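Raw upload09.tsv, TSV, C-alpha atoms and all ligand atoms:
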```tsv
chain	number	residue	atom	x	y	z
Z	1	MET	CA	139.55	55.27	111.99
Z	2	GLN	CA	137.64	56.06	108.83
Z	3	VAL	CA	134.75	53.82	109.99
Z	4	ALA	CA	134.59	55.65	113.34
Z	5	ALA	CA	134.47	59.02	111.55
Z	6	HIS	CA	131.71	57.73	109.28
Z	7	VAL	CA	129.63	56.47	112.25
Z	8	GLY	CA	130.17	59.82	114.01
Z	9	ALA	CA	128.96	61.76	110.98
Z	10	GLU	CA	125.93	59.48	110.68
Z	11	GLN	CA	125.06	60.01	114.35
Z	12	ALA	CA	125.39	63.77	113.97
Z	13	GLY	CA	123.07	63.55	110.95
Z	14	VAL	CA	120.44	61.64	112.95
Z	15	GLU	CA	120.70	64.13	115.82
Z	16	GLU	CA	120.30	67.05	113.41
Z	17	GLU	CA	117.25	65.35	111.82
Z	18	THR	CA	115.68	64.82	115.27
Z	19	LYS	CA	116.31	68.49	116.10
Z	20	VAL	CA	114.64	69.62	112.86
Z	21	LYS	CA	111.62	67.34	113.54
Z	22	LEU	CA	111.31	68.70	117.08
Z	23	CYS	CA	111.58	72.22	115.78
Z	24	CYS	CA	108.83	71.58	113.17
Z	25	THR	CA	106.54	70.25	115.92
Z	26	GLN	CA	107.34	73.32	118.01
Z	27	ARG	CA	106.52	75.58	115.07
Z	28	VAL	CA	103.21	73.85	114.36
Z	29	GLY	CA	102.41	74.31	118.07
Z	30	ILE	CA	103.27	78.02	117.82
Z	31	ILE	CA	101.04	78.44	114.71
Z	32	VAL	CA	98.07	76.69	116.40
Z	33	LEU	CA	98.55	78.64	119.65
Z	34	LEU	CA	98.89	82.03	117.94
Z	35	SER	CA	95.89	81.35	115.68
Z	36	LEU	CA	93.80	80.54	118.76
Z	37	VAL	CA	95.07	83.61	120.62
Z	38	SER	CA	94.37	85.93	117.66
Z	39	ILE	CA	90.60	85.24	117.91
Z	40	PRO	CA	90.00	86.48	121.51
Z	41	LEU	CA	92.58	89.23	120.88
Z	42	HIS	CA	90.40	90.37	117.97
Z	43	GLU	CA	87.29	90.32	120.18
Z	44	MET	CA	89.11	92.43	122.78
Z	45	GLY	CA	88.68	95.42	120.44
Z	46	HIS	CA	84.87	95.22	120.79
Z	47	TYR	CA	85.14	94.67	124.51
Z	48	ILE	CA	87.31	97.73	125.17
Z	49	VAL	CA	85.04	100.09	123.20
Z	50	TYR	CA	81.81	98.78	124.79
Z	51	LYS	CA	83.39	98.81	128.25
Z	52	CYS	CA	84.51	102.45	127.78
Z	53	ALA	CA	80.94	103.34	126.72
Z	54	ASN	CA	79.50	101.42	129.73
Z	55	ILE	CA	77.52	99.09	127.49
Z	56	PRO	CA	76.81	95.64	129.02
Z	57	VAL	CA	78.10	92.85	126.77
Z	58	HIS	CA	77.72	89.13	126.25
Z	59	VAL	CA	81.16	87.52	125.86
Z	60	THR	CA	82.07	84.15	124.30
Z	61	PHE	CA	85.40	82.83	122.94
Z	62	GLN	CA	84.73	84.24	119.48
Z	63	SER	CA	82.18	86.99	119.98
Z	64	VAL	CA	81.43	90.06	122.05
Z	65	HIS	CA	77.93	91.48	121.58
Z	66	PRO	CA	76.03	94.22	123.42
Z	67	VAL	CA	73.26	92.71	125.54
Z	68	MET	CA	70.79	95.30	124.13
Z	69	PRO	CA	70.68	96.52	120.51
Z	70	ILE	CA	72.70	99.74	120.09
Z	71	SER	CA	73.02	102.26	117.26
Z	72	GLY	CA	74.87	105.43	116.29
Z	73	LEU	CA	78.56	106.24	116.58
Z	74	VAL	CA	79.26	103.91	119.49
Z	75	ALA	CA	77.86	100.99	117.46
Z	76	VAL	CA	80.20	101.75	114.54
Z	77	LEU	CA	83.17	102.32	116.90
Z	78	GLY	CA	82.38	99.09	118.73
Z	79	LEU	CA	82.48	97.21	115.43
Z	80	ALA	CA	85.58	99.06	114.25
Z	81	GLY	CA	87.41	98.18	117.48
Z	82	ASP	CA	87.85	94.58	116.38
Z	83	PRO	CA	89.49	94.92	112.96
Z	84	ALA	CA	91.48	97.89	114.30
Z	85	PHE	CA	92.73	95.73	117.18
Z	86	SER	CA	93.70	92.80	114.89
Z	87	LEU	CA	95.46	95.03	112.36
Z	88	SER	CA	97.27	97.01	115.09
Z	89	ALA	CA	98.35	93.74	116.74
Z	90	ALA	CA	99.65	92.50	113.35
Z	91	LEU	CA	101.54	95.75	112.79
Z	92	ALA	CA	103.01	95.76	116.30
Z	93	CYS	CA	104.17	92.13	115.97
Z	94	LEU	CA	105.62	92.90	112.54
Z	95	LEU	CA	107.61	95.82	113.98
Z	96	ILE	CA	108.86	93.59	116.81
Z	97	ALA	CA	109.77	90.90	114.24
Z	98	THR	CA	112.01	93.34	112.37
Z	99	GLN	CA	113.92	93.95	115.62
Z	100	ARG	CA	113.82	90.40	116.97
Z	101	PRO	CA	114.00	87.99	114.03
Z	102	GLY	CA	112.54	84.56	114.74
Z	103	PHE	CA	109.52	82.42	113.96
Z	104	PHE	CA	107.29	83.55	116.85
Z	105	TRP	CA	106.79	87.27	116.11
Z	106	ILE	CA	106.52	86.80	112.34
Z	107	THR	CA	103.83	84.17	112.87
Z	108	ALA	CA	102.05	86.39	115.41
Z	109	ALA	CA	101.94	89.17	112.79
Z	110	PHE	CA	100.90	86.72	110.07
Z	111	THR	CA	98.03	85.11	112.03
Z	112	ASN	CA	96.57	88.47	113.15
Z	113	ALA	CA	96.67	89.83	109.59
Z	114	THR	CA	95.38	86.72	107.80
Z	115	LEU	CA	92.53	86.39	110.32
Z	116	ARG	CA	90.70	89.28	108.57
Z	117	LEU	CA	91.22	88.13	104.96
Z	118	PHE	CA	88.39	85.60	104.84
Z	119	PRO	CA	85.70	87.79	106.50
Z	120	CYS	CA	86.75	90.74	104.29
Z	121	THR	CA	86.53	88.58	101.14
Z	122	MET	CA	83.05	87.43	102.16
Z	123	ASP	CA	82.00	91.02	102.87
Z	124	LEU	CA	83.29	92.17	99.47
Z	125	LEU	CA	81.10	89.50	97.84
Z	126	HIS	CA	78.13	90.39	100.08
Z	127	ALA	CA	78.51	94.07	99.10
Z	128	ILE	CA	78.56	93.13	95.39
Z	129	TYR	CA	75.43	90.97	95.71
Z	130	GLY	CA	73.68	93.40	98.09
Z	131	LYS	CA	73.49	90.80	100.88
Z	132	MET	CA	73.58	91.41	104.64
Z	133	PRO	CA	77.09	91.94	106.06
Z	134	PHE	CA	79.09	88.81	106.86
Z	135	SER	CA	81.40	90.22	109.53
Z	136	ASP	CA	82.60	93.35	111.37
Z	137	GLU	CA	84.06	95.07	108.30
Z	138	GLY	CA	80.78	94.63	106.41
Z	139	GLU	CA	78.77	95.91	109.39
Z	140	ILE	CA	81.01	98.98	109.65
Z	141	ALA	CA	80.62	99.67	105.92
Z	142	ARG	CA	76.84	99.28	106.13
Z	143	GLY	CA	76.77	101.56	109.20
Z	144	LEU	CA	78.58	104.23	107.20
Z	145	THR	CA	76.77	104.01	103.87
Z	146	HIS	CA	73.84	102.34	102.11
Z	147	SER	CA	75.43	102.42	98.66
Z	148	SER	CA	76.68	98.98	97.60
Z	149	PHE	CA	79.65	100.51	95.79
Z	150	ALA	CA	80.71	102.62	98.81
Z	151	ARG	CA	80.23	99.55	101.03
Z	152	PHE	CA	82.52	97.61	98.70
Z	153	LEU	CA	85.16	100.39	98.85
Z	154	VAL	CA	85.11	100.58	102.67
Z	155	VAL	CA	85.56	96.81	102.99
Z	156	LEU	CA	88.24	96.94	100.28
Z	157	CYS	CA	90.27	99.34	102.48
Z	158	PHE	CA	90.18	96.83	105.35
Z	159	PHE	CA	91.04	94.00	102.95
Z	160	ALA	CA	93.96	95.99	101.49
Z	161	ALA	CA	95.34	96.73	104.98
Z	162	ALA	CA	95.08	93.05	106.04
Z	163	ALA	CA	96.54	91.83	102.72
Z	164	THR	CA	99.46	94.29	102.90
Z	165	LEU	CA	100.30	93.20	106.46
Z	166	THR	CA	99.98	89.53	105.41
Z	167	VAL	CA	102.45	90.05	102.55
Z	168	LEU	CA	104.86	92.07	104.74
Z	169	ALA	CA	104.75	89.37	107.44
Z	170	GLY	CA	105.09	86.60	104.84
Z	171	ARG	CA	108.20	88.27	103.43
Z	172	GLN	CA	109.86	88.10	106.84
Z	173	TYR	CA	109.93	84.29	106.71
Z	174	ARG	CA	113.30	83.04	105.56
Z	175	PHE	CA	112.30	80.06	103.46
Z	176	ASN	CA	115.91	79.03	102.90
Z	177	SER	CA	116.30	78.60	106.65
Z	178	LEU	CA	113.10	76.62	107.22
Z	179	THR	CA	115.19	73.71	108.43
Z	180	SER	CA	116.93	75.92	110.97
Z	181	THR	CA	116.40	74.69	114.50
Z	182	ARG	CA	115.57	78.14	115.96
Z	183	PRO	CA	111.87	78.48	116.85
Y	201	ZN	ZN	84.53	90.93	115.74
```

What would you get if you wrote out this structure as structure tokens?
Ligand SMILES: [Zn+2]
Amino acid sequence: MQVAAHVGAEQAGVEEETKVKLCCTQRVGIIVLLSLVSIPLHEMGHYIVYKCANIPVHVTFQSVHPVMPISGLVAVLGLAGDPAFSLSAALACLLIATQRPGFFWITAAFTNATLRLFPCTMDLLHAIYGKMPFSDEGEIARGLTHSSFARFLVVLCFFAAAATLTVLAGRQYRFNSLTSTRP
């Protein structure tokens, strides 16, 4: 009787372990998928602004550029569309995550927010060393001002927004329930 109970408990343990492993694989899949989706989602910001301004664009998986060189307000707005889109997507997913707890929405918020941290860090360094912009945020800053310090401050605002959303999304993860089997 005792042996049967022991075998049953062992079997349940193995089943639980298999479930956790499956769930981890599922979560890795979700992270990879959402990271890949966040890139074209980011580029959508450029696309919408240029499309509204009737500017022909060249589109690839990770870039949307006007076919002809453009300048002025529409150029700055076109560049701003991207970070604005990523940060808004992160905020929207974060708000959904507070209503619908689970791995998917938190990770969607996290990937959209963290996506801007590296380019912003590079643009902060490029502003300090007076180099050409690295990414959208740097281009926006350079479009607004020629002062290195002001450029640094503009990029810092984008960095602060992305970092805040990253921390807020990160805090939604329940690390004590990482072994939970809910995706
Ligand atoms: Zn972009």

With all atoms listed in the file as the atoms that count, which of Z:His42, Z:His58, Z:Arg171, Z:His126 lies nearest to Phe110 in chain Z? Z:Arg171

Need to verify the contact set: Leu144 in chain Z, 9 Å, only C-alpha atoms, exclusion of same-chain residues closer than 4 positions in sequence. Can you return it as number ranges by chain? Z: 76, 139-140, 150-151, 154

When you look at Val67 in chain Z with a cut-off of 8 Å (counting all atoms listed in the file), what residues show up, excluding the ones that are within fewer than 3 positions of it in the same chain? I need them as an mmCIF file with C-alpha atoms, keeping the file's coordinate frame.
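Saved result, part.cif, follows:
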```
data_model
loop_
_atom_site.group_PDB
_atom_site.id
_atom_site.type_symbol
_atom_site.label_atom_id
_atom_site.label_comp_id
_atom_site.auth_asym_id
_atom_site.auth_seq_id
_atom_site.Cartn_x
_atom_site.Cartn_y
_atom_site.Cartn_z
ATOM 1 C CA ILE Z 55 77.520 99.090 127.490
ATOM 2 C CA PRO Z 56 76.810 95.640 129.020
ATOM 3 C CA VAL Z 57 78.100 92.850 126.770
ATOM 4 C CA HIS Z 58 77.720 89.130 126.250
#
```

Quick one: residues within 9 Å of range 35-39 of chain Z, all atoms listed in the file counted, chain neighbours fewer than 5 positions away excluded, as a ChimeraX atom specification? /Z:30,44,61-63,86,89,107-108,111-112,115

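Shortest separation to ligand ZN 201 (chain Y) among Z:His65, Z:Phe159, Z:Ile48, Z:Gln26 occurs at residue Z:His65, atoms counted being all atoms listed in the file.
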
How would you report the residues lying within 10 Å of ligand ZN 201 (chain Y), as a PDB file with C-alpha atoms, keeping the file's coordinate frame, if you count all atoms listed in the file?
```pdb
ATOM      1  CA  ILE Z  39      90.600  85.240 117.910  1.00  0.00           C
ATOM      2  CA  PRO Z  40      90.000  86.480 121.510  1.00  0.00           C
ATOM      3  CA  LEU Z  41      92.580  89.230 120.880  1.00  0.00           C
ATOM      4  CA  HIS Z  42      90.400  90.370 117.970  1.00  0.00           C
ATOM      5  CA  GLU Z  43      87.290  90.320 120.180  1.00  0.00           C
ATOM      6  CA  MET Z  44      89.110  92.430 122.780  1.00  0.00           C
ATOM      7  CA  GLY Z  45      88.680  95.420 120.440  1.00  0.00           C
ATOM      8  CA  HIS Z  46      84.870  95.220 120.790  1.00  0.00           C
ATOM      9  CA  TYR Z  47      85.140  94.670 124.510  1.00  0.00           C
ATOM     10  CA  GLN Z  62      84.730  84.240 119.480  1.00  0.00           C
ATOM     11  CA  SER Z  63      82.180  86.990 119.980  1.00  0.00           C
ATOM     12  CA  VAL Z  64      81.430  90.060 122.050  1.00  0.00           C
ATOM     13  CA  HIS Z  65      77.930  91.480 121.580  1.00  0.00           C
ATOM     14  CA  GLY Z  78      82.380  99.090 118.730  1.00  0.00           C
ATOM     15  CA  LEU Z  79      82.480  97.210 115.430  1.00  0.00           C
ATOM     16  CA  ALA Z  80      85.580  99.060 114.250  1.00  0.00           C
ATOM     17  CA  GLY Z  81      87.410  98.180 117.480  1.00  0.00           C
ATOM     18  CA  ASP Z  82      87.850  94.580 116.380  1.00  0.00           C
ATOM     19  CA  PRO Z  83      89.490  94.920 112.960  1.00  0.00           C
ATOM     20  CA  ALA Z  84      91.480  97.890 114.300  1.00  0.00           C
ATOM     21  CA  PHE Z  85      92.730  95.730 117.180  1.00  0.00           C
ATOM     22  CA  SER Z  86      93.700  92.800 114.890  1.00  0.00           C
ATOM     23  CA  ARG Z 116      90.700  89.280 108.570  1.00  0.00           C
ATOM     24  CA  PRO Z 119      85.700  87.790 106.500  1.00  0.00           C
ATOM     25  CA  SER Z 135      81.400  90.220 109.530  1.00  0.00           C
ATOM     26  CA  ASP Z 136      82.600  93.350 111.370  1.00  0.00           C
ATOM     27  CA  GLU Z 137      84.060  95.070 108.300  1.00  0.00           C
ATOM     28  CA  GLU Z 139      78.770  95.910 109.390  1.00  0.00           C
TER      29      GLU Z 139
END
```

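A straight line drawn from CA of Ala162 in chain Z to CA of Ile128 in chain Z is 19.7 Å long.
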